[in-house]
Number of protein chains: 2
Amino acid sequence: MDVLAIGDALVDVKATAEDAFLVEEGLVKGSMQVLDTDGATRLYARMGQARETSGGSAANTVAGVAALGGRAGFVGQVADDQLGEIFAHDIRALGVEFLTPARADGLPTGRCLILITPDAQRTMSTYRGASHELDADALDPEQIRGAAILYLEAYLWRSAGPRAAMERAMGIAHEAGRKVAFTLSDIVCIDAHRAEMMAMVESGAIDMLFGNENEIRALADVADRDAAIDAIAAKVPLVVVTMGEAGAIAIERGRRASIPIARIGRGVVDTTGAGDLFAAGFLFGQAQGRSVEDSLRIGAIAAAEVISHFGSRPEGDLRALVAAEA
Amino acid sequence: MDVLAIGDALVDVKATAEDAFLVEEGLVKGSMQVLDTDGATRLYARMGQARETSGGSAANTVAGVAALGGRAGFVGQVADDQLGEIFAHDIRALGVEFLTPARADGLPTGRCLILITPDAQRTMSTYRGASHELDADALDPEQIRGAAILYLEAYLWRSAGPRAAMERAMGIAHEAGRKVAFTLSDIVCIDAHRAEMMAMVESGAIDMLFGNENEIRALADVADRDAAIDAIAAKVPLVVVTMGEAGAIAIERGRRASIPIARIGRGVVDTTGAGDLFAAGFLFGQAQGRSVEDSLRIGAIAAAEVISHFGSRPEGDLRALVAAEA
């Protein structure tokens with residue numbers, strides 16, 4: 001297997017919204033907030049008609065790896081309910097191995113309420129539900145040993161139970177000589193857990209770190225972007241930083257490579273999933289033994305495809321797009 | 001209220017598919033088939049990743065009436081489950097009055113598996129679930145008396161329980177001096193129930209009949225389109241016939257009016273909901289006391305909007321589109 005991810009198992013509930021609605025609801029555009037059951041019910045009741053699609057950051061990433069022709073797996077917790085069935089169906093339909101049994105008792109399947117404003121930005125409110133009930137019993141050590149890269153997301157890592165599962169998985173992966181990749185997910189995840197996250201980074205548990213420029217600055221606790229990147233790159237063998245319109249860079253043991261953004265089809269329709277799919281392309285390239293430059297290029301193509309349509313998972317033929325650019 | 005509809009309460013599960021997949025599954029392109037639980041589970045497992053949106057033919061129609069600025073209501077049966085919650089949320093978010101309580105015991109909320117081929121045609125497989133458990137107890141006589149037009153769909157009418165509810169609703173509407181409209185839905189609905197359907201039409205229970213050309217020919221049991229339309233128009237005060245690319249015609253007591261198709265935005269992306277939204281525009285016009293010609297025009301605009309994007313309910317501002325054309 002190329003990439004095995006452990007992450008949130010969420011169904012996205014997407015509606016368009018005017019900027020005024022975000023103001024009324026006290027939401028900061030582009031941010032991610034966590035809601036309890038009541039908060040999620042309240043916001044959902046006020047949202048417009050929605051479309052439901054499977055989501056979850058790391059789940060989107062392995063969906064992208066599979067769409068690129070890679071062999072991918074996913075570990076994440078859903079409940080034994082209709083949304084859980086939808087999540088499991090969709091990820092398997094893409095060819096991702098998904099073995100985590102649904103939980104019959106406990107919270108319902110998690111969901112992410114996503115408001116898309118006319119500028120194509122998305123503002124997310126997550127009800128985590130069953131997703132954060134994941135524990136170490138859900139792991140299959142053989143599956144972890146068989147994957148070139150184990151990929152973990154900070155969204156899920158910040159809860160104690162899932163974090164314990166991830167720590168165990170990292171141990172199994174490293175013992176088997178595999179790489180561990182980690183995505184910073186969101187500045188809120190970092191701000192609340194910076195010391196522990198930094199300790200994990202400094203312990204050598206992470207071989208490959210993904211983040212956008214704000215996340216890297218938050219983790220380094222340094223305001224200047226380049227200084228922040230240098231500080232983190234001194235501690236992690238391979239750091240990948242996405243910078244929106246400015247493209248992305250990777251620093252591997254002091255060597256810097258960069259890529260501008262790619263454009264596909266109708267341009268920017270919905271930015272949901274851009275970072276997740278950039279990671280998919282980069283991880284796929286690395287798992288296939290490609291250079292850092294090639295991996296960046298595949299990441300840029302996968303990100304460009306996902307933002308050219310509504311939805312946070314690829315719809316076009318990513319393999320053909322990558323082949324056409326090569 | 002302008003329009004109150006009684007119809008299937010379904011969640012659409014849409015995936016793209018190649019023509020070869022329809023052949024493998026023994027599906028006839030453009031058709032609608034009914035599946036039992038096992039059949040629905042089997043087909044869903046073989047479909048690609050999907051997006052879920054609220055659907056149901058008459059429900060889409062009242063969603064359109066509301067989007068046009070009309071006052072609309074819907075009667076339909078969902079279960080007390082996550083898909084039922086999604087259906088209720090979406091129709092209310094559009095401003096449609098939806099009072100039918102969810103059923104706690106019985107079948108899960110119905111769904112319609114829709115395969116969209118590269119030519120933008122859709123092939124539908126419906127698991128009816130709770131939807132056909134609707135009975136007359138779900139009716140609110142005051143709500144029926146308060147609506148200018150009661151709109152019924154043949155998809156739901158073909159089941160005995162819902163048909164009994166519809167017959168009671170028709171009686172209440174006519175006693176209150178309201179109009180009753182009926183859509184033929186699909187040739188399969190007609191072929192299996194032609195005699196009863198014709199008896200209903202001949203009894204004077206229907207004031208306004210909607211169908212496409214194939215459905216009108218099936219109901220009349222006449223191969224020639226114009227002869228079939230004339231035969232049905234002799235029995236119903238107002239008949240509206242949609243003819244795909246050829247537009248639509250209406251015959252009101254012998255007087256014929258027609259409208260070509262309209263084009264909006266990107267043209268044809270997904271034809272799901274075209275007939276439902278044509279009916280929405282026409283019904284809205286009639287409920288507002290507009291002429292048959294104006295009603296046809298509003299129908300054409302609403303249909304053009306819904307086929308210009310994925311999804312069977314309007315996303316654009318239908319009021320503004322109609323105002324711009326007037």
# chains A, B, ... in the order shown; residues from 1 in each chain; ligands from 1
call {"tool": "residues_around", "arguments": {"residues": "B:Leu83", "least_positions_apart": "2", "cutoff": "9 Å", "atoms": "only C-alpha atoms", "output": "number ranges by chain"}}
result
A: 82-83; B: 10-11, 54, 78-81, 85-88, 108-111
call {"tool": "interface_residues", "arguments": {"of": "chain B", "to": "chain A", "cutoff": "12 Å", "atoms": "only C-alpha atoms", "output": "NGL selection string"}}
result
:B and (11-17 or 41-55 or 60 or 63 or 67 or 79-96 or 108-111 or 266 or 309-316)
call {"tool": "residues_around", "arguments": {"residues": "stretch 179-196 of chain A", "least_positions_apart": "2", "cutoff": "6 Å", "atoms": "only C-alpha atoms", "output": "list in words"}}
result
Ile149, Leu150, Tyr151, Leu152, Glu153, Ala154, Tyr155, Met198, Ala199, Ile206, Asp207, Met208, Leu209, Phe210, Gly211 and Glu215 of chain A
call {"tool": "write_last_selection", "arguments": {"atoms": "C-alpha atoms", "output": "PDB file, in the first residue's frame"}}
result
ATOM      1  CA  ILE A 149       3.553   6.143   4.368  1.00  0.00           C
ATOM      2  CA  LEU A 150       1.298   6.508   7.419  1.00  0.00           C
ATOM      3  CA  TYR A 151      -0.535   9.854   7.202  1.00  0.00           C
ATOM      4  CA  LEU A 152      -2.119  11.500  10.258  1.00  0.00           C
ATOM      5  CA  GLU A 153      -4.226  14.651  10.655  1.00  0.00           C
ATOM      6  CA  ALA A 154      -4.127  17.124  13.545  1.00  0.00           C
ATOM      7  CA  TYR A 155      -7.925  17.564  13.487  1.00  0.00           C
ATOM      8  CA  MET A 198       6.253  20.536  19.140  1.00  0.00           C
ATOM      9  CA  ALA A 199       7.381  17.771  21.515  1.00  0.00           C
ATOM     10  CA  ILE A 206       7.346  12.863  12.118  1.00  0.00           C
ATOM     11  CA  ASP A 207       9.215  12.304   8.857  1.00  0.00           C
ATOM     12  CA  MET A 208       7.100  14.543   6.672  1.00  0.00           C
ATOM     13  CA  LEU A 209       5.089  17.568   7.838  1.00  0.00           C
ATOM     14  CA  PHE A 210       2.321  19.341   5.856  1.00  0.00           C
ATOM     15  CA  GLY A 211       0.878  22.749   6.637  1.00  0.00           C
ATOM     16  CA  GLU A 215       0.001  26.841  10.436  1.00  0.00           C
TER      17      GLU A 215
END
call {"tool": "residues_around", "arguments": {"residues": "A:Ile264", "least_positions_apart": "6", "cutoff": "8 Å", "atoms": "only C-alpha atoms", "output": "JSON, numbers by chain"}}
result
{"A": [301, 304, 305, 308]}
call {"tool": "write_last_selection", "arguments": {"atoms": "C-alpha atoms", "output": "compact mmCIF listing (two decimals), in the first residue's frame"}}
result
# COMPACT_ATOMS: atom_id res chain seq x y z
CA ILE A 301 -2.38 19.25 -10.34
CA ALA A 304 -6.18 22.43 -9.12
CA GLU A 305 -8.62 19.69 -10.13
CA SER A 308 -12.40 23.45 -10.24
call {"tool": "atom_distance", "arguments": {"atom1": "atom CA of B:Cys112", "atom2": "atom CA of B:Ala300"}}
result
24.8 Å
call {"tool": "select_by_dssp", "arguments": {"residues": "stretch 124-186 of chain A", "states": "helix (DSSP H, G or I)", "output": "ChimeraX atom specification"}}
result
/A:129-133,136-138,141-145,154-157,160-175
call {"tool": "write_last_selection", "arguments": {"atoms": "N, CA and C atoms", "output": "compact mmCIF listing (two decimals), in the first residue's frame"}}
result
# COMPACT_ATOMS: atom_id res chain seq x y z
N GLY A 129 -18.88 13.96 16.44
CA GLY A 129 -19.64 12.72 16.61
C GLY A 129 -18.77 11.50 16.82
N ALA A 130 -19.11 10.40 16.16
CA ALA A 130 -18.41 9.12 16.31
C ALA A 130 -16.93 9.23 15.95
N SER A 131 -16.61 10.18 15.09
CA SER A 131 -15.25 10.28 14.56
C SER A 131 -14.18 10.29 15.65
N HIS A 132 -14.45 11.03 16.74
CA HIS A 132 -13.45 11.15 17.81
C HIS A 132 -13.59 10.06 18.87
N GLU A 133 -14.43 9.06 18.61
CA GLU A 133 -14.51 7.87 19.46
C GLU A 133 -13.54 6.79 18.97
N ALA A 136 -7.45 2.78 19.85
CA ALA A 136 -6.37 1.94 19.32
C ALA A 136 -6.86 0.55 18.88
N ASP A 137 -8.00 0.09 19.42
CA ASP A 137 -8.53 -1.21 19.01
C ASP A 137 -8.89 -1.24 17.53
N ALA A 138 -9.11 -0.06 16.95
CA ALA A 138 -9.50 0.01 15.54
C ALA A 138 -8.31 -0.23 14.60
N PRO A 141 -2.42 -3.79 12.87
CA PRO A 141 -0.97 -3.61 12.74
C PRO A 141 -0.43 -4.06 11.38
N GLU A 142 -0.99 -5.13 10.82
CA GLU A 142 -0.51 -5.60 9.51
C GLU A 142 -0.73 -4.55 8.42
N GLN A 143 -1.90 -3.90 8.49
CA GLN A 143 -2.22 -2.86 7.50
C GLN A 143 -1.21 -1.70 7.61
N ILE A 144 -0.86 -1.34 8.84
CA ILE A 144 0.09 -0.23 9.06
C ILE A 144 1.48 -0.61 8.54
N ARG A 145 1.91 -1.84 8.85
CA ARG A 145 3.24 -2.29 8.40
C ARG A 145 3.34 -2.37 6.89
N ALA A 154 -4.04 16.48 12.23
CA ALA A 154 -4.13 17.12 13.54
C ALA A 154 -5.57 17.29 14.02
N TYR A 155 -6.51 17.44 13.08
CA TYR A 155 -7.93 17.56 13.49
C TYR A 155 -8.32 16.45 14.45
N LEU A 156 -7.90 15.23 14.11
CA LEU A 156 -8.28 14.06 14.91
C LEU A 156 -7.31 13.86 16.07
N TRP A 157 -6.06 14.21 15.85
CA TRP A 157 -4.99 14.01 16.84
C TRP A 157 -5.25 14.76 18.14
N ALA A 160 -7.88 12.98 22.91
CA ALA A 160 -6.99 12.06 23.62
C ALA A 160 -7.04 10.62 23.08
N GLY A 161 -8.26 10.07 22.90
CA GLY A 161 -8.39 8.68 22.45
C GLY A 161 -7.74 8.46 21.09
N PRO A 162 -8.15 9.25 20.11
CA PRO A 162 -7.53 9.10 18.79
C PRO A 162 -6.02 9.36 18.81
N ARG A 163 -5.58 10.29 19.68
CA ARG A 163 -4.14 10.56 19.71
C ARG A 163 -3.38 9.33 20.19
N ALA A 164 -3.93 8.65 21.19
CA ALA A 164 -3.28 7.43 21.68
C ALA A 164 -3.20 6.39 20.55
N ALA A 165 -4.28 6.30 19.77
CA ALA A 165 -4.28 5.35 18.64
C ALA A 165 -3.20 5.74 17.63
N MET A 166 -3.10 7.04 17.35
CA MET A 166 -2.10 7.51 16.38
C MET A 166 -0.69 7.24 16.88
N GLU A 167 -0.46 7.44 18.19
CA GLU A 167 0.89 7.20 18.72
C GLU A 167 1.27 5.74 18.58
N ARG A 168 0.30 4.87 18.83
CA ARG A 168 0.58 3.45 18.65
C ARG A 168 0.88 3.14 17.19
N ALA A 169 0.09 3.74 16.30
CA ALA A 169 0.29 3.49 14.86
C ALA A 169 1.66 3.99 14.40
N MET A 170 2.09 5.16 14.91
CA MET A 170 3.41 5.70 14.55
C MET A 170 4.50 4.74 14.97
N GLY A 171 4.35 4.17 16.18
CA GLY A 171 5.34 3.22 16.67
C GLY A 171 5.44 2.00 15.76
N ILE A 172 4.28 1.46 15.38
CA ILE A 172 4.25 0.28 14.51
C ILE A 172 4.89 0.61 13.16
N ALA A 173 4.55 1.78 12.61
CA ALA A 173 5.08 2.17 11.29
C ALA A 173 6.61 2.30 11.34
N HIS A 174 7.11 2.99 12.34
CA HIS A 174 8.56 3.19 12.42
C HIS A 174 9.32 1.90 12.65
N GLU A 175 8.75 1.04 13.50
CA GLU A 175 9.38 -0.28 13.71
C GLU A 175 9.52 -1.05 12.40
call {"tool": "closest_residue", "arguments": {"among": "A:Phe21, A:Phe74, A:Tyr127, A:Phe98", "to": "A:Gly39", "atoms": "only C-alpha atoms"}}
result
A:Tyr127
call {"tool": "residues_around", "arguments": {"residues": "A:Glu325", "least_positions_apart": "5", "cutoff": "12 Å", "atoms": "only C-alpha atoms", "output": "PyMOL selection string"}}
result
chain A and resi 262-264+294+297-302+318-320
call {"tool": "write_last_selection", "arguments": {"atoms": "N, CA and C atoms", "output": "short mmCIF file (atom, residue, chain, number, x, y, z; two decimals), in the first residue's frame"}}
result
data_model
loop_
_atom_site.label_atom_id
_atom_site.label_comp_id
_atom_site.auth_asym_id
_atom_site.auth_seq_id
_atom_site.Cartn_x
_atom_site.Cartn_y
_atom_site.Cartn_z
N ALA A 262 -1.39 25.40 -10.18
CA ALA A 262 -1.82 24.97 -11.51
C ALA A 262 -3.26 25.43 -11.72
N ARG A 263 -3.69 25.51 -12.98
CA ARG A 263 -5.08 25.89 -13.28
C ARG A 263 -5.70 24.81 -14.16
N ILE A 264 -6.90 24.39 -13.81
CA ILE A 264 -7.60 23.37 -14.59
C ILE A 264 -9.05 23.79 -14.78
N ASP A 294 8.89 16.46 -8.56
CA ASP A 294 7.77 15.75 -9.19
C ASP A 294 6.58 15.63 -8.24
N ARG A 297 4.73 18.80 -8.16
CA ARG A 297 3.97 19.00 -9.39
C ARG A 297 2.67 18.20 -9.36
N ILE A 298 2.73 16.96 -8.90
CA ILE A 298 1.52 16.13 -8.84
C ILE A 298 0.54 16.73 -7.82
N GLY A 299 1.09 17.24 -6.72
CA GLY A 299 0.24 17.90 -5.72
C GLY A 299 -0.50 19.09 -6.29
N ALA A 300 0.21 19.90 -7.07
CA ALA A 300 -0.41 21.11 -7.64
C ALA A 300 -1.54 20.74 -8.61
N ILE A 301 -1.34 19.67 -9.39
CA ILE A 301 -2.38 19.25 -10.34
C ILE A 301 -3.61 18.73 -9.59
N ALA A 302 -3.38 17.90 -8.58
CA ALA A 302 -4.50 17.33 -7.83
C ALA A 302 -5.28 18.45 -7.12
N LEU A 318 -7.61 12.01 -12.48
CA LEU A 318 -6.34 12.58 -12.02
C LEU A 318 -5.14 11.92 -12.69
N ARG A 319 -5.26 10.63 -12.96
CA ARG A 319 -4.14 9.94 -13.60
C ARG A 319 -3.84 10.56 -14.96
N ALA A 320 -4.93 10.81 -15.73
CA ALA A 320 -4.75 11.39 -17.07
C ALA A 320 -4.21 12.81 -16.97
#
call {"tool": "atom_distance", "arguments": {"atom1": "atom CA of A:Asp230", "atom2": "atom CA of A:Gly289"}}
result
24.8 Å
call {"tool": "residues_around", "arguments": {"residues": "A:Met124", "least_positions_apart": "4", "cutoff": "6 Å", "atoms": "only C-alpha atoms", "output": "PyMOL selection string"}}
result
chain A and resi 32+113-114
call {"tool": "residues_around", "arguments": {"residues": "B:Ala58", "least_positions_apart": "5", "cutoff": "7 Å", "atoms": "only C-alpha atoms", "output": "number ranges by chain"}}
result
B: 5-7, 153, 276
call {"tool": "write_last_selection", "arguments": {"atoms": "N, CA and C atoms", "output": "short mmCIF file (atom, residue, chain, number, x, y, z; two decimals), in the first residue's frame"}}
result
data_model
loop_
_atom_site.label_atom_id
_atom_site.label_comp_id
_atom_site.auth_asym_id
_atom_site.auth_seq_id
_atom_site.Cartn_x
_atom_site.Cartn_y
_atom_site.Cartn_z
N ALA B 5 -48.37 20.24 -2.68
CA ALA B 5 -48.09 18.99 -3.40
C ALA B 5 -48.14 17.80 -2.45
N ILE B 6 -48.58 16.67 -2.96
CA ILE B 6 -48.45 15.39 -2.25
C ILE B 6 -47.56 14.52 -3.13
N GLY B 7 -46.44 14.06 -2.56
CA GLY B 7 -45.53 13.29 -3.40
C GLY B 7 -44.54 12.46 -2.61
N GLU B 153 -48.55 13.51 -7.74
CA GLU B 153 -47.69 12.82 -8.70
C GLU B 153 -48.04 11.34 -8.82
N ASP B 276 -39.96 18.53 -13.53
CA ASP B 276 -40.46 18.99 -12.23
C ASP B 276 -40.46 20.51 -12.16
#
call {"tool": "select_by_dssp", "arguments": {"residues": "stretch 9-214 of chain B", "states": "strand (DSSP E)", "output": "JSON, numbers by chain"}}
result
{"B": [10, 11, 12, 13, 14, 15, 16, 32, 33, 34, 51, 52, 53, 54, 72, 73, 74, 75, 97, 98, 110, 111, 112, 113, 114, 115, 116, 122, 123, 124, 125, 126, 127, 149, 150, 151, 152, 153, 179, 180, 181, 182, 183, 208, 209, 210, 211, 212]}
call {"tool": "closest_residue", "arguments": {"among": "B:Arg122, B:Arg71, B:Ile229, B:Ile249", "to": "B:Gly30", "atoms": "only C-alpha atoms"}}
result
B:Arg122
